[in-house]
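Enquirer: Take this structure first; my questions come after.
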Amino acid sequence: MAPGRPMHLDIPTLTLVSLLMGIGASIGFTSLMTVLHTQVVLRIWVAGIWISTLGVILIGLRNHIPDLLSIVVGNGLLVSSNMLTLKGISVHLGLPLRLRWPAALVVAYCFCMAWFAYVTPNLGARLLAGSLQAMAFNFAYAYLLLRFSEPAIRISCRIAAAVMICNGTFYMLRAFVPLDPNSSQDIMLAGTPVAATYVIGILTGLASYFALLQLITERLMVDLRQAAHTDGLTGLLNRSAIVAEGRASLERCLQREQPFALLIFDLDHFKQINDRWGHDAGDAVLRHVTTILREVTDWPGSLAARYGGEEFVLALPGADHGQGLAVAERLRQALAYSHARIGSQDIPVTASIGVAMARPGVRFEQLVRQADEAMYRTKFDGRNGVSSAEMDDLRLAEAGDSRC
Ligand SMILES: Nc1nc2c(ncn2[C@@H]2O[C@H](COP(=O)(O)OP(=O)(O)OP(=O)(O)O)[C@@H](O)[C@H]2O)c(=O)[nH]1
């Protein structure tokens with residue numbers, strides 16, 4: 001800027017800034033999409049951002065292209081981009097949003113733009129309609145984010161909702177900004193108050209992009225945490241997760257002097273299932289066993305895991321020996337009586353179960369080992385049964401007594 005000359009932010013300059021920002025965001029989001037290509041939401045938002053950028057280009061070329069392209073198509077693209085953002089948010093939240101109403105709004109808005117461009121030319125009415133549609137969409141985004149976010153992603157949803165509410169409020173206030181009387185239907189001559197709203201609009205647009213990024217980031221973090229904890233085939237906890245969570249749960253019980261039962265079970269002759277019906281059927285049987293396990297276990301605070309190939313662990317904090325054995329027997333029966341139905345095949349499944357009870361000072365891994373030994377006793381005794389480490393100890397003690 002030349003010395004002594006005041007900075008002048010006119011609407012053409014601000015449109016150019018807004019356009020450059022849109023192009024930058026479009027390129028940035030697109031490159032992010034190439035890395036995170038499994039994120040459907042990101043693809044929807046990238047499409048929306050490019051469409052919005054195209055809309056700003058057409059509106060910016062107001063005096064160089066026909067009004068139909070600049071006013072009707074340009075604004076139509078902007079409102080379509082808002083509709084895609086809404087669709088992306090609903091997908092992000094897992095909502096089955098039908099686009100009928102937003103699409104009707106897009107059509108009505110384009111009609112309104114055409115009306116106030118050709119039938120009753122009125123720049124003020126067009127700006128008012130633009131502000132109202134942007135306000136409506138931003139409040140709709142915020143409503144969905146606040147109303148339907150699941151707890152795991154609530155922080156980013158609340159922040160994004162706050163940004164959208166600010167945006168919506170800004171567009172509501174912008175609806176009342178007066179036009180320069182000499183603008184003569186040219187948005188580029190709409191005057192300083194409108195130019196000021198362009199500056200704020202650029203800032204709120206930027207904030208919206210960051211809000212969307214934040215939504216994706218928190219979702220990815222949650223997905224990663226989930227993947228690190230769960231077994232891909234069954235959705236149960238994996239081995240390292242049950243050890244970590246089991247240790248903490250056991251410690252809490254020991255501190256409160258509450259009982260803690262641990263069950264381990266291994267499917268019987270699972271190799272034969274794989275050999276006879278194939279590996280995919282074997283996988284389906286493992287999922288069937290998981291369903292039964294979930295149905296049978298309604299113990300508060302219980303932890304269920306796939307500990308190895310066809311070996312599962314169930315921790316029951318607060319359960320005493322009798323309760324542990326009762327759950328184990330219920331599980332054994334439920335498995336034995338419900339054949340896994342894979343396609344047209346009925347595959348019988350049984351399990352050998354071992355139960356161990358926590359004693360003061362025991363570590364979780366020791367408890368697993370004790371339950372495992374009990375489970376092997378069941379295998380030895382003929383499978384499809386329940387053994388308890390406590391009983392084994394008792395038997396050993398009695399054998400010792402009788403030898404004395
Ligand atoms: N389909 C499938 N099979 C698996 C998976 N993980 C381990 N296995 C199979 O599970 C079988 C376990 O066989 P074994 O250890 O001999 O046990 P078993 O046949 O159940 O015999 P017992 O335990 O003595 O009753 C092996 O054939 C493994 O290949 C898996 O994720 N999917």
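The way I read the labels, and the way they are meant: chains A, B, ... in the order of the structure tokens, residue 1 as the first residue of every chain, and ligand 1 as the first ligand shown, with later ones counted on from there.
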Any idea what's packed within 10 Å of range 174-178 of chain A, counting only C-alpha atoms, ignoring anything in its chain fewer than 4 positions away? Could you give it as a list in words?
Expert: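 These residues fall inside the cut-off: Gly124, Ala125, Leu127, Leu128, Ala129, Gly130, Ser131, Leu132, Met135, Gly168, Thr169, Phe170, Ala190, Gly191, Thr192, Pro193, Val194, Ala196, Thr197, Tyr198, Ile200 and Gly201 of chain A.
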Enquirer: Would you write out those residues with C-alpha atoms, as a PDB file, in the first residue's frame?
Expert:
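Below you can see again33.pdb, which holds the result:
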```
ATOM      1  CA  GLY A 124     -31.953  -5.852  -1.349  1.00  0.00           C
ATOM      2  CA  ALA A 125     -34.469  -8.690  -1.622  1.00  0.00           C
ATOM      3  CA  LEU A 127     -29.392 -10.201  -0.259  1.00  0.00           C
ATOM      4  CA  LEU A 128     -32.175 -10.731   2.273  1.00  0.00           C
ATOM      5  CA  ALA A 129     -33.048 -14.135   0.767  1.00  0.00           C
ATOM      6  CA  GLY A 130     -29.352 -15.082   0.732  1.00  0.00           C
ATOM      7  CA  SER A 131     -28.947 -14.142   4.399  1.00  0.00           C
ATOM      8  CA  LEU A 132     -32.086 -16.021   5.435  1.00  0.00           C
ATOM      9  CA  MET A 135     -29.101 -18.463   8.579  1.00  0.00           C
ATOM     10  CA  GLY A 168     -26.424 -18.166  11.761  1.00  0.00           C
ATOM     11  CA  THR A 169     -26.684 -15.141  14.051  1.00  0.00           C
ATOM     12  CA  PHE A 170     -24.335 -13.207  11.795  1.00  0.00           C
ATOM     13  CA  ALA A 190     -23.547  -2.256  -2.329  1.00  0.00           C
ATOM     14  CA  GLY A 191     -21.603   0.039   0.013  1.00  0.00           C
ATOM     15  CA  THR A 192     -19.406  -0.101   3.119  1.00  0.00           C
ATOM     16  CA  PRO A 193     -21.861  -1.798   5.551  1.00  0.00           C
ATOM     17  CA  VAL A 194     -22.308  -4.671   3.110  1.00  0.00           C
ATOM     18  CA  ALA A 196     -18.079  -5.050   6.337  1.00  0.00           C
ATOM     19  CA  THR A 197     -20.370  -8.071   6.379  1.00  0.00           C
ATOM     20  CA  TYR A 198     -18.192  -9.600   3.643  1.00  0.00           C
ATOM     21  CA  ILE A 200     -17.073 -11.016   8.786  1.00  0.00           C
ATOM     22  CA  GLY A 201     -18.420 -13.577   6.305  1.00  0.00           C
TER      23      GLY A 201
END
```
Enquirer: For ligand 1, return the neighbouring residues as JSON, numbers by chain (distance at most 7 Å; only C-alpha atoms and all ligand atoms).
Expert: {"A": [266, 267, 268, 269, 270, 271, 272, 274, 279, 280, 281, 282, 283, 308, 309, 310, 379]}
Enquirer: Can you tell me, as a PDB file with C-alpha atoms, in the first residue's frame, what residues are no more than 10 Å from Asp320 in chain A when counting only C-alpha atoms, ignoring any on the same chain fewer than 5 positions away?
Expert:
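Just written: selection.pdb:
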```
ATOM      1  CA  GLN A 258     -15.854 -57.325  46.349  1.00  0.00           C
ATOM      2  CA  PRO A 259     -15.656 -60.695  44.589  1.00  0.00           C
ATOM      3  CA  PHE A 260     -14.492 -60.973  40.977  1.00  0.00           C
ATOM      4  CA  ALA A 261     -15.120 -63.991  38.761  1.00  0.00           C
ATOM      5  CA  LEU A 262     -13.299 -64.715  35.553  1.00  0.00           C
ATOM      6  CA  LEU A 325     -20.564 -70.755  37.866  1.00  0.00           C
ATOM      7  CA  ALA A 326     -24.203 -69.955  37.132  1.00  0.00           C
ATOM      8  CA  MET A 357     -12.161 -66.373  41.486  1.00  0.00           C
ATOM      9  CA  ALA A 358      -9.922 -63.470  42.475  1.00  0.00           C
TER      10      ALA A 358
END
```
Enquirer: Hey, what's within 10 Å of Ala152 in chain A if we count only C-alpha atoms and toss same-chain stuff fewer than 4 positions away? As a PyMOL selection string, please?
Expert: chain A and resi 156-157+218-219+221-223
Enquirer: Given only C-alpha atoms as the basis, pick out the residue of A:Gly232, A:Tyr376, A:Val46, A:Leu215 nearest to Met33 in chain A.
Expert: A:Val46
Enquirer: I need the residues of range 280-377 of chain A that end up classed as strand (DSSP E) by DSSP on the backbone, written out as a ChimeraX atom specification.
Expert: /A:303-306,311-317,340-342,345-347,351-357
Enquirer: Could you check the closest approach to Arg377 in chain A for each of A:Glu150, A:Phe265, A:Leu286, A:Glu329 and tell me which residue wins, using only C-alpha atoms?
Expert: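 Looking at the shortest contact to Arg377 in chain A, the residue is A:Phe265.
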Enquirer: Suppose you want the space between CA of Phe111 in chain A and CA of Ala134 in chain A; what is it in Å?
Expert: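 Separation between CA of Phe111 in chain A and CA of Ala134 in chain A: 16.0 Å.
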Enquirer: CA of Phe312 in chain A to CA of Ile264 in chain A: how many Å, to one decimal?
Expert: 5.7 Å
Enquirer: Please identify all polymer residues within 10 Å of range 84-93 of chain A, counting only C-alpha atoms, omitting same-chain residues fewer than 3 positions from it, and present them as a ChimeraX atom specification.
Expert: /A:39-49,51,79-81,96-99,102-103,137-138,140-142,144-145,147-150,153,157,212,215-216,219
Enquirer: From the set A:Asp10, A:Asp381, A:Asp67, A:Asp231, which residue has the shortest atom-to-atom contact distance to Arg306 in chain A, counting only C-alpha atoms?
Expert: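 Of the candidates, the smallest distance to Arg306 in chain A is held by A:Asp231.
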Enquirer: Quick one, how far is CA of Ile71 in chain A from CA of Val119 in chain A?
Expert: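 It comes out at 13.3 Å.
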Enquirer: Compile the contact shell of Leu58 in chain A as a list of chain:residue names: residues with an atom at most 10 Å away, counting only C-alpha atoms, same-chain residues fewer than 6 positions apart removed.
Expert: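 The neighbour list is A:Ser52, A:His64, A:Ile65, A:Pro66, A:Asp67, A:Leu68, A:Leu69, A:Ser70, A:Ile71, A:Val72, A:Val73, A:Gly74, A:Asn75, A:Leu77.
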Enquirer: Could you please take those selected residues and save N, CA and C atoms as a PDB file, in the first residue's frame?
Expert:
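Now in part-v8.pdb:
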```
ATOM      1  N   SER A  52     -19.300 -24.479  -3.706  1.00  0.00           N
ATOM      2  CA  SER A  52     -19.409 -23.124  -3.165  1.00  0.00           C
ATOM      3  C   SER A  52     -18.380 -22.198  -3.824  1.00  0.00           C
ATOM      4  N   HIS A  64     -19.385  -9.586 -15.998  1.00  0.00           N
ATOM      5  CA  HIS A  64     -18.732 -10.113 -17.197  1.00  0.00           C
ATOM      6  C   HIS A  64     -19.485 -11.282 -17.817  1.00  0.00           C
ATOM      7  N   ILE A  65     -20.447 -11.834 -17.082  1.00  0.00           N
ATOM      8  CA  ILE A  65     -21.211 -12.973 -17.615  1.00  0.00           C
ATOM      9  C   ILE A  65     -22.701 -12.665 -17.458  1.00  0.00           C
ATOM     10  N   PRO A  66     -23.574 -13.384 -18.170  1.00  0.00           N
ATOM     11  CA  PRO A  66     -25.017 -13.104 -18.054  1.00  0.00           C
ATOM     12  C   PRO A  66     -25.504 -13.266 -16.608  1.00  0.00           C
ATOM     13  N   ASP A  67     -26.520 -12.447 -16.243  1.00  0.00           N
ATOM     14  CA  ASP A  67     -27.076 -12.489 -14.884  1.00  0.00           C
ATOM     15  C   ASP A  67     -27.574 -13.886 -14.513  1.00  0.00           C
ATOM     16  N   LEU A  68     -28.073 -14.592 -15.530  1.00  0.00           N
ATOM     17  CA  LEU A  68     -28.596 -15.931 -15.242  1.00  0.00           C
ATOM     18  C   LEU A  68     -27.499 -16.801 -14.608  1.00  0.00           C
ATOM     19  N   LEU A  69     -26.298 -16.706 -15.208  1.00  0.00           N
ATOM     20  CA  LEU A  69     -25.187 -17.499 -14.667  1.00  0.00           C
ATOM     21  C   LEU A  69     -24.733 -16.943 -13.327  1.00  0.00           C
ATOM     22  N   SER A  70     -24.562 -15.624 -13.289  1.00  0.00           N
ATOM     23  CA  SER A  70     -23.986 -15.016 -12.088  1.00  0.00           C
ATOM     24  C   SER A  70     -24.954 -15.072 -10.914  1.00  0.00           C
ATOM     25  N   ILE A  71     -26.181 -14.582 -11.129  1.00  0.00           N
ATOM     26  CA  ILE A  71     -27.107 -14.458  -9.998  1.00  0.00           C
ATOM     27  C   ILE A  71     -27.805 -15.787  -9.694  1.00  0.00           C
ATOM     28  N   VAL A  72     -28.423 -16.386 -10.714  1.00  0.00           N
ATOM     29  CA  VAL A  72     -29.247 -17.565 -10.436  1.00  0.00           C
ATOM     30  C   VAL A  72     -28.376 -18.804 -10.212  1.00  0.00           C
ATOM     31  N   VAL A  73     -27.484 -19.089 -11.176  1.00  0.00           N
ATOM     32  CA  VAL A  73     -26.659 -20.302 -11.025  1.00  0.00           C
ATOM     33  C   VAL A  73     -25.673 -20.128  -9.864  1.00  0.00           C
ATOM     34  N   GLY A  74     -25.038 -18.934  -9.788  1.00  0.00           N
ATOM     35  CA  GLY A  74     -24.045 -18.683  -8.715  1.00  0.00           C
ATOM     36  C   GLY A  74     -24.657 -18.885  -7.337  1.00  0.00           C
ATOM     37  N   ASN A  75     -25.810 -18.239  -7.099  1.00  0.00           N
ATOM     38  CA  ASN A  75     -26.454 -18.395  -5.784  1.00  0.00           C
ATOM     39  C   ASN A  75     -26.998 -19.802  -5.588  1.00  0.00           C
ATOM     40  N   LEU A  77     -25.600 -22.475  -6.664  1.00  0.00           N
ATOM     41  CA  LEU A  77     -24.474 -23.322  -6.240  1.00  0.00           C
ATOM     42  C   LEU A  77     -24.162 -23.105  -4.760  1.00  0.00           C
TER      43      LEU A  77
END
```
Enquirer: Between A:Ile353, A:Leu105, A:Ala315, A:Leu203, which has the minimum distance to Gly382 in chain A (counting only C-alpha atoms)?
Expert: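 Closest to Gly382 in chain A, using only C-alpha atoms: A:Ile353.
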Enquirer: Going by DSSP on the backbone, which bits of range 126-375 of chain A are alpha helix (DSSP H)? Write them as number ranges by chain, please.
Expert: A: 126-148, 154-174, 192-229, 239-255, 270-277, 279-296, 321-337, 364-375
